[in-house]
>>> print(open('structure_37.tsv').read())   # TSV, C-alpha atoms
chain	number	residue	atom	x	y	z
A	3	MET	CA	-138.65	-164.48	-14.21
A	4	THR	CA	-137.14	-167.29	-16.21
A	5	PRO	CA	-134.79	-170.01	-14.98
A	6	GLU	CA	-131.74	-167.99	-15.85
A	7	LYS	CA	-128.53	-168.57	-14.05
A	8	THR	CA	-125.99	-166.09	-12.75
A	9	ASP	CA	-123.04	-167.90	-11.29
A	10	ASN	CA	-124.59	-170.53	-9.07
A	11	SER	CA	-127.98	-168.81	-8.77
A	12	PHE	CA	-131.21	-170.04	-10.30
A	13	PHE	CA	-134.22	-167.75	-10.59
A	14	VAL	CA	-137.37	-169.75	-10.03
A	15	GLY	CA	-140.44	-168.62	-11.94
A	16	GLU	CA	-143.47	-170.02	-13.71
A	17	LYS	CA	-141.93	-173.04	-15.41
A	18	PRO	CA	-142.66	-176.53	-14.08
A	19	LEU	CA	-140.94	-177.42	-10.80
A	20	MET	CA	-138.83	-180.17	-12.33
A	21	ASN	CA	-137.18	-177.75	-14.77
A	22	TYR	CA	-135.53	-175.97	-11.85
A	23	VAL	CA	-134.76	-179.18	-9.98
A	24	THR	CA	-133.06	-180.69	-13.03
A	25	ALA	CA	-131.09	-177.55	-13.85
A	26	ALA	CA	-129.84	-177.18	-10.28
A	27	VAL	CA	-128.96	-180.87	-9.85
A	28	MET	CA	-127.10	-180.86	-13.18
A	29	HIS	CA	-125.17	-177.80	-12.09
A	30	PHE	CA	-124.21	-179.59	-8.91
A	31	THR	CA	-123.22	-182.91	-10.42
A	32	ALA	CA	-122.00	-182.20	-13.96
A	33	LYS	CA	-120.34	-178.86	-13.22
A	34	ASN	CA	-119.26	-179.86	-9.73
A	35	ALA	CA	-120.47	-176.55	-8.25
A	36	PRO	CA	-119.84	-176.25	-4.49
A	37	GLU	CA	-123.22	-174.60	-3.92
A	38	ILE	CA	-126.36	-173.40	-5.65
A	39	THR	CA	-128.86	-170.71	-4.68
A	40	LEU	CA	-132.54	-170.81	-5.61
A	41	LYS	CA	-134.04	-167.32	-5.78
A	42	ALA	CA	-137.70	-166.39	-6.14
A	43	ARG	CA	-140.18	-163.59	-5.58
A	44	GLY	CA	-143.87	-163.45	-4.70
A	45	LYS	CA	-146.01	-166.39	-5.72
A	46	PHE	CA	-143.00	-168.33	-6.98
A	47	MET	CA	-141.44	-168.63	-3.51
A	48	GLY	CA	-143.40	-171.84	-2.90
A	49	THR	CA	-141.99	-173.38	-6.07
A	50	ALA	CA	-138.45	-172.54	-4.93
A	51	ILE	CA	-139.09	-174.17	-1.54
A	52	ASP	CA	-140.59	-177.26	-3.23
A	53	ALA	CA	-137.53	-177.45	-5.51
A	54	SER	CA	-135.17	-177.23	-2.52
A	55	GLN	CA	-136.97	-180.16	-0.89
A	56	VAL	CA	-136.91	-182.37	-3.97
A	57	ILE	CA	-133.21	-181.60	-4.49
A	58	THR	CA	-132.08	-182.23	-0.91
A	59	ASN	CA	-134.46	-185.09	-0.02
A	60	ARG	CA	-134.40	-187.03	-3.26
A	61	PHE	CA	-131.79	-186.26	-5.92
A	62	LEU	CA	-128.91	-185.12	-3.74
A	63	LYS	CA	-130.05	-186.66	-0.45
A	64	ASP	CA	-126.57	-187.75	0.63
A	65	GLN	CA	-124.63	-184.98	-1.09
A	66	ALA	CA	-126.28	-181.66	-0.29
A	67	HIS	CA	-128.26	-179.86	2.39
A	68	ILE	CA	-129.94	-176.49	2.90
A	69	HIS	CA	-127.25	-174.26	4.33
A	70	ASP	CA	-129.09	-170.95	4.63
A	71	VAL	CA	-132.47	-169.37	3.90
A	72	ARG	CA	-132.77	-165.61	3.52
A	73	LEU	CA	-136.09	-163.76	3.33
A	74	GLY	CA	-136.44	-160.20	2.09
A	75	SER	CA	-138.62	-157.57	0.46
A	76	GLU	CA	-138.42	-155.60	-2.75
A	77	GLU	CA	-140.38	-152.51	-3.68
A	78	PHE	CA	-141.07	-151.51	-7.23
A	79	THR	CA	-143.46	-149.29	-9.15
A	80	ASN	CA	-145.89	-151.20	-11.35
A	81	LYS	CA	-147.37	-150.19	-14.73
A	82	GLU	CA	-150.15	-148.23	-13.05
A	83	GLY	CA	-147.57	-146.19	-11.13
A	84	ARG	CA	-148.41	-147.79	-7.81
A	85	LYS	CA	-145.73	-148.84	-5.35
A	86	VAL	CA	-145.83	-152.59	-4.88
A	87	ARG	CA	-144.01	-154.62	-2.27
A	88	VAL	CA	-143.07	-158.22	-2.91
A	89	SER	CA	-141.37	-160.76	-0.65
A	90	THR	CA	-138.27	-162.65	-1.77
A	91	ILE	CA	-136.51	-165.86	-0.78
A	92	GLU	CA	-133.00	-167.14	-1.38
A	93	ILE	CA	-132.25	-170.76	-0.55
A	94	ASN	CA	-128.58	-171.67	-0.41
A	95	ILE	CA	-127.81	-175.37	-0.90
A	96	ARG	CA	-124.31	-176.71	-0.24
A	97	ARG	CA	-122.39	-179.94	-0.43
A	98	LYS	CA	-122.40	-181.97	2.76
B	14	MET	CA	-155.23	-174.44	8.91
B	15	THR	CA	-156.50	-171.63	11.10
B	16	PRO	CA	-154.46	-169.02	12.94
B	17	GLU	CA	-154.29	-171.14	16.06
B	18	LYS	CA	-151.49	-170.67	18.48
B	19	THR	CA	-149.46	-173.24	20.38
B	20	ASP	CA	-147.04	-171.50	22.73
B	21	ASN	CA	-145.46	-168.84	20.55
B	22	SER	CA	-146.33	-170.49	17.21
B	23	PHE	CA	-148.85	-169.18	14.71
B	24	PHE	CA	-150.17	-171.40	11.94
B	25	VAL	CA	-150.66	-169.33	8.82
B	26	GLY	CA	-153.49	-170.40	6.53
B	27	GLU	CA	-156.16	-168.91	4.32
B	28	LYS	CA	-157.18	-165.90	6.38
B	29	PRO	CA	-156.10	-162.41	5.31
B	30	LEU	CA	-152.43	-161.60	5.82
B	31	MET	CA	-153.09	-158.88	8.38
B	32	ASN	CA	-154.89	-161.29	10.71
B	33	TYR	CA	-151.63	-163.14	11.25
B	34	VAL	CA	-149.56	-159.98	11.40
B	35	THR	CA	-151.82	-158.46	14.04
B	36	ALA	CA	-151.98	-161.64	16.12
B	37	ALA	CA	-148.21	-162.07	16.09
B	38	VAL	CA	-147.44	-158.41	16.83
B	39	MET	CA	-149.95	-158.40	19.70
B	40	HIS	CA	-148.34	-161.53	21.12
B	41	PHE	CA	-144.98	-159.79	20.97
B	42	THR	CA	-146.02	-156.47	22.44
B	43	ALA	CA	-148.96	-157.16	24.77
B	44	LYS	CA	-147.78	-160.55	26.03
B	45	ASN	CA	-144.11	-159.62	25.93
B	46	ALA	CA	-143.18	-162.91	24.23
B	47	PRO	CA	-139.43	-163.28	23.56
B	48	GLU	CA	-140.07	-164.85	20.16
B	49	ILE	CA	-142.76	-165.98	17.76
B	50	THR	CA	-142.74	-168.63	15.05
B	51	LEU	CA	-144.85	-168.45	11.92
B	52	LYS	CA	-145.59	-171.91	10.49
B	53	ALA	CA	-147.18	-172.76	7.15
B	54	ARG	CA	-147.52	-175.52	4.59
B	55	GLY	CA	-147.93	-175.59	0.81
B	56	LYS	CA	-149.55	-172.59	-0.82
B	57	PHE	CA	-149.69	-170.69	2.48
B	58	MET	CA	-145.90	-170.48	2.78
B	59	GLY	CA	-145.93	-167.25	0.77
B	60	THR	CA	-148.40	-165.68	3.20
B	61	ALA	CA	-146.15	-166.61	6.13
B	62	ILE	CA	-143.15	-165.01	4.41
B	63	ASP	CA	-145.19	-161.88	3.61
B	64	ALA	CA	-146.30	-161.71	7.26
B	65	SER	CA	-142.69	-162.01	8.48
B	66	GLN	CA	-141.71	-159.09	6.27
B	67	VAL	CA	-144.55	-156.83	7.40
B	68	ILE	CA	-143.81	-157.67	11.04
B	69	THR	CA	-140.04	-157.11	10.91
B	70	ASN	CA	-139.96	-154.23	8.40
B	71	ARG	CA	-142.95	-152.23	9.58
B	72	PHE	CA	-144.59	-153.01	12.93
B	73	LEU	CA	-141.57	-154.23	14.90
B	74	LYS	CA	-138.85	-152.75	12.73
B	75	ASP	CA	-136.63	-151.72	15.65
B	76	GLN	CA	-137.65	-154.49	18.01
B	77	ALA	CA	-137.52	-157.79	16.14
B	78	HIS	CA	-135.70	-159.59	13.36
B	79	ILE	CA	-135.85	-162.92	11.57
B	80	HIS	CA	-133.65	-165.23	13.60
B	81	ASP	CA	-134.04	-168.50	11.70
B	82	VAL	CA	-135.91	-170.01	8.76
B	83	ARG	CA	-136.45	-173.76	8.54
B	84	LEU	CA	-137.77	-175.53	5.45
B	85	GLY	CA	-139.12	-179.08	5.47
B	86	SER	CA	-141.44	-181.64	3.93
B	87	GLU	CA	-144.44	-183.58	5.18
B	88	GLU	CA	-146.03	-186.61	3.59
B	89	PHE	CA	-149.62	-187.56	4.12
B	90	THR	CA	-152.30	-189.70	2.49
B	91	ASN	CA	-155.15	-187.72	0.97
B	92	LYS	CA	-158.85	-188.64	0.71
B	93	GLU	CA	-158.23	-190.57	-2.51
B	94	GLY	CA	-155.60	-192.69	-0.76
B	95	ARG	CA	-152.71	-191.11	-2.64
B	96	LYS	CA	-149.48	-190.15	-0.93
B	97	VAL	CA	-148.99	-186.42	-1.15
B	98	ARG	CA	-145.88	-184.45	-0.26
B	99	VAL	CA	-146.09	-180.85	0.90
B	100	SER	CA	-143.35	-178.39	1.78
B	101	THR	CA	-143.32	-176.56	5.09
B	102	ILE	CA	-141.74	-173.40	6.46
B	103	GLU	CA	-141.08	-172.17	9.99
B	104	ILE	CA	-139.99	-168.57	10.47
B	105	ASN	CA	-138.61	-167.74	13.89
B	106	ILE	CA	-138.73	-164.03	14.83
B	107	ARG	CA	-136.91	-162.78	17.92
B	108	ARG	CA	-136.38	-159.59	19.83
B	109	LYS	CA	-133.34	-157.62	18.78
>>> encode(input="structure_37.tsv", output="structure tokens")
Amino acid sequence: MTPEKTDNSFFVGEKPLMNYVTAAVMHFTAKNAPEITLKARGKFMGTAIDASQVITNRFLKDQAHIHDVRLGSEEFTNKEGRKVRVSTIEINIRRK
Amino acid sequence: MTPEKTDNSFFVGEKPLMNYVTAAVMHFTAKNAPEITLKARGKFMGTAIDASQVITNRFLKDQAHIHDVRLGSEEFTNKEGRKVRVSTIEINIRRK
């Protein structure tokens, strides 16, 4: 998963934390987006949570807050043909 | 962090996922608790999310759901005297 963006969503993956923080903050400030959503799966969920904290406690402390957190599961078949389950998180951040 | 329990809270740490799942499900079913909260910090947040999914999608599929998810940050001073920030998660699971 790369930090691609669909609408106001950012997919958090293996890049450094600050890449996602910067991209999301820019989207908020420069593009004046009303909300952003950080999405991640599996081991990258922690990075998405860290990013949400840096965004709402530091860069956009007075401007944005965590509005909603959704947890979920996805199942897919891996290369070896085995069914694998992975957890997902979506963190919705909105203007105050 | 060990899987200690205060009231209906379970602190998720480095033990195997199923330890936390079993402890929480038992608390729900045997002790008839109205709710449980899974709490974790840093790299263990993913384990807490995984546990919430196994609990609500498999063991207590018809009995419980994720009611609320709270994200936060804690700062502490490590052994080297450096200030360290860590993200936290609390997942509240309630009876349907």
>>> interface_residues(input="structure_37.tsv", of="chain B", to="chain A", cutoff="9 Å", atoms="all atoms listed in the file", output="count of residues only")
21
>>> atom_distance(input="structure_37.tsv", atom1="atom CA of Ile106 of chain B", atom2="atom CA of Arg96 of chain A")
24.4 Å
>>> closest_residue(input="structure_37.tsv", among="B:Asn21, B:Gln76, B:Glu87, B:Asn105", to="Ala46 of chain B", atoms="all atoms listed in the file")
B:Asn21
>>> closest_residue(input="structure_37.tsv", among="A:Ala50, A:Gly15, A:Leu62, A:Asn80", to="His29 of chain A", atoms="all atoms listed in the file")
A:Leu62
>>> residues_near_point(input="structure_37.tsv", point="(-120.5, -185.3, -7.8)", cutoff="12 Å", atoms="all atoms listed in the file", output="ChimeraX atom specification")
/A:27-37,61-62,64-66,97-98
>>> decode(input="structure_37.tsv", residues="segment 66-78 of chain A", atoms="N, CA and C atoms", output="short mmCIF file (atom, residue, chain, number, x, y, z; two decimals), in the first residue's frame")
data_model
loop_
_atom_site.label_atom_id
_atom_site.label_comp_id
_atom_site.auth_asym_id
_atom_site.auth_seq_id
_atom_site.Cartn_x
_atom_site.Cartn_y
_atom_site.Cartn_z
N ALA A 66 -8.47 20.66 13.93
CA ALA A 66 -9.06 19.37 13.58
C ALA A 66 -9.06 18.42 14.77
N HIS A 67 -9.97 17.45 14.72
CA HIS A 67 -10.05 16.44 15.76
C HIS A 67 -10.47 15.10 15.14
N ILE A 68 -10.24 14.03 15.89
CA ILE A 68 -10.66 12.71 15.41
C ILE A 68 -12.16 12.60 15.59
N HIS A 69 -12.86 12.43 14.48
CA HIS A 69 -14.32 12.40 14.51
C HIS A 69 -14.83 10.97 14.70
N ASP A 70 -14.17 10.02 14.05
CA ASP A 70 -14.68 8.65 14.07
C ASP A 70 -13.54 7.67 13.78
N VAL A 71 -13.58 6.51 14.44
CA VAL A 71 -12.62 5.44 14.18
C VAL A 71 -13.39 4.16 13.88
N ARG A 72 -13.15 3.58 12.74
CA ARG A 72 -13.83 2.34 12.38
C ARG A 72 -12.81 1.21 12.25
N LEU A 73 -13.10 0.10 12.90
CA LEU A 73 -12.26 -1.09 12.78
C LEU A 73 -12.98 -2.13 11.94
N GLY A 74 -12.24 -2.94 11.21
CA GLY A 74 -12.85 -3.97 10.39
C GLY A 74 -11.89 -5.10 10.08
N SER A 75 -12.36 -6.01 9.24
CA SER A 75 -11.55 -7.17 8.83
C SER A 75 -11.68 -7.37 7.33
N GLU A 76 -10.62 -7.82 6.71
CA GLU A 76 -10.69 -8.22 5.31
C GLU A 76 -10.11 -9.62 5.19
N GLU A 77 -10.73 -10.42 4.31
CA GLU A 77 -10.16 -11.74 4.03
C GLU A 77 -9.68 -11.77 2.60
N PHE A 78 -8.53 -12.34 2.39
CA PHE A 78 -8.06 -12.52 1.02
C PHE A 78 -7.24 -13.80 0.93
#
